[in-house]
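J.: Sharing a structure below in structure tokens format, with a few things to ask.
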Amino acid sequence: MNSFPLLIAIVFITLAFDFSNGWHDAANSIATIVSTRVLKPLWAVLWAAFWNFVAAFIFGTAVAKTIGGGLVRIEMVSEYVLIAGLLGAISWNLFTLILGLPTSSSHALMGGYGGAALSSAGTAAIIGKGWVNPILFIFLAPFIGLIIAVIVTVITSWAVHEHPPQRVDKWFRRLQLVSAAGYSLGHGSNDAQKSMGIITAALMASGLISKDVVPYWVIVICYLAMAGGTMAGGWRVVRTMGQRITKLNPFGGFSAETSAAITLLGTAHFGIPVSTTHTITGAIVGVGASRRMTAVRWGVTRRIVWAWVLTIPGAGLMGVLLEHVLRFWSH
């Protein structure tokens, strides 16, 4: 990559994706705490954005390294591939946001990036083994969140079963502030790192850095963009996540957020880029199913799962189309 203006464009488009990610995934961070009326939407968004940003100073960059150098061979693609992949992911985010579907911004980025790389350089540009864990965890992450949610719900139910419901509700309204913060930390530790990986890949391809180490300034601007997007909020998705899957009270909200936070922080530690959306959805379903199977609205859940399955190929197709457009435009 030898065009400094294109490098600047990649940085700004990546930050736009990060903003759209925070905007799209704000629903995941605040749906439970808003639907249980522990916090009003504005305060919930500010709470989530604050902990998204705090994650920058606590966690490493293992996920960023997976995205930056583990999926596509950077030496085989141009700056236009990075731009097409980012625009493909942003387009998919906006499309699903309009539909009110809580899909994965992470998988949209992977799909757009992978599709653009395939279009430009063929299958040789794809690092096959790098895609195994992310694709596997499309299915594993929600089930892990679901199982942990059932366990947390059973344990906490047993711990408080002798206390009056009013007292339990009061306790968990306070505890939900902690669990929501934990979930937002998990969200920040996972999602903002994906855009860090893209910017780092662009810097490496341009020769400005020589090894796969995320510069500190990249970490800060990506977390600021994520936090800003979270503050903008995505209210249509909040409704789907917070009430349409299952009805939540503060006790259930605490269980869902705690379970999702455990899953996200664990996968971030091992550098596995998972979907925060899939994880919290699985946890919410687990909370509902632990009460009774009919507490979960399975029709809504099936619609969400179909959106998950279509995200990588859908964003990939957008990446392919945009790569063709940019290639034609550049010539």
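Quick note on naming: the chains in the structure tokens go A, B, ... in the order shown, residues restart at 1 in each chain, and ligands are numbered from 1 in order of appearance.
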Output as JSON, numbers by chain all residues of segment 90-319 of chain A that backbone DSSP marks as alpha helix (DSSP H).
T.: {"A": [90, 91, 92, 93, 94, 95, 96, 97, 98, 99, 105, 106, 107, 108, 109, 110, 111, 112, 113, 114, 115, 116, 117, 118, 119, 120, 121, 132, 133, 134, 135, 136, 137, 138, 139, 140, 141, 142, 143, 144, 145, 146, 147, 148, 149, 150, 151, 152, 153, 154, 155, 156, 157, 158, 159, 160, 165, 166, 167, 168, 169, 170, 171, 172, 173, 174, 175, 176, 177, 178, 179, 180, 181, 182, 183, 184, 185, 186, 187, 188, 189, 190, 191, 192, 193, 194, 195, 196, 197, 198, 199, 200, 201, 202, 203, 204, 205, 206, 216, 217, 218, 219, 220, 221, 222, 223, 224, 225, 226, 227, 228, 229, 230, 231, 232, 235, 236, 237, 238, 239, 250, 251, 252, 253, 254, 255, 256, 257, 258, 259, 260, 261, 262, 263, 264, 265, 266, 267, 268, 269, 276, 277, 278, 279, 280, 281, 282, 283, 284, 285, 286, 287, 288, 289, 290, 291, 298, 299, 300, 301, 302, 303, 304, 305, 306, 307, 308, 309, 310, 311, 312, 313, 314, 315, 316, 317, 318, 319]}
J.: Taking only C-alpha atoms into account, which of A:Ser195, A:Ser290, A:Thr281, A:Ser20 comes nearest Tyr113 of chain A?
T.: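 Answer, going by the shortest atom-to-atom distance: A:Ser195.
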J.: Tell me which protein, DNA and RNA residues are within 6 Å of Val45 of chain A, counting only C-alpha atoms, leaving out same-chain ones fewer than 3 positions away, and put them as a list in words.
T.: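 Using only C-alpha atoms, the neighbours found are Leu42, Ala48 and Met231 of chain A.
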J.: Could you check which of A:Leu15, A:Ile90, A:Ala268, A:Leu7 is closest to Met318 of chain A, using only C-alpha atoms?
T.: A:Ile90
J.: Go through A:Gly145, A:Gly22, A:Gly252, A:Pro5 and flag the residue nearest Ser105 of chain A, using only C-alpha atoms for the distances.
T.: A:Gly22
J.: Can you pull out every residue within 10 Å of Ser78 of chain A, counting only C-alpha atoms, but drop anything in the same chain fewer than 2 positions away, and send it as a PyMOL selection string?
T.: chain A and resi 1-2+74-76+80-83+116-117+120-121+202+205+327
J.: Looking at only C-alpha atoms, which of A:Arg302, A:Arg173, A:Lys129, A:Lys194 is the one that sits closest to Gly253 of chain A?
T.: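 Under the stated criterion, the closest residue is A:Arg173.
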J.: I want to know what sits within 12 Å of Ser259 of chain A, based on only C-alpha atoms, with residues of the same chain fewer than 6 positions away left out; could you give that as a PyMOL selection string?
T.: chain A and resi 141-153+179-180+182-183+186+252-253+265-266+276+279-287
J.: Would you mind telling me which residue in A:Met226, A:Leu317, A:Val168, A:Val305 lies nearest to Gly114 of chain A when using only C-alpha atoms?
T.: A:Leu317
J.: Restricting the calculation to only C-alpha atoms: of A:Leu175, A:Leu208, A:Ala261, A:Ile138, which residue gets closest to Val38 of chain A?
T.: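 Between A:Leu175, A:Leu208, A:Ala261, A:Ile138, the residue approaching Val38 of chain A most closely is A:Leu175.
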J.: Within 12 Å of His269 of chain A, counting only C-alpha atoms, which residues show up once you throw out same-chain ones fewer than 4 positions away? Write them as an MDAnalysis selection string, please.
T.: chainID A and resid 58:64 66 186 189:190 193 262:265 273:274
J.: When you look at Ala56 of chain A with a cut-off of 7 Å (counting only C-alpha atoms), what residues show up, excluding the ones that are within fewer than 2 positions of it in the same chain? I need them as a list in words.
T.: Phe53, Val54, Ile58, Phe59, Ile219, Val220 and Tyr223 of chain A
J.: As an exercise, work out the distance from atom CA of Val325 of chain A to atom CA of Val132 of chain A in Å and give it to one decimal place.
T.: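 Pair atom CA of Val325 of chain A / atom CA of Val132 of chain A returns 29.4 Å.
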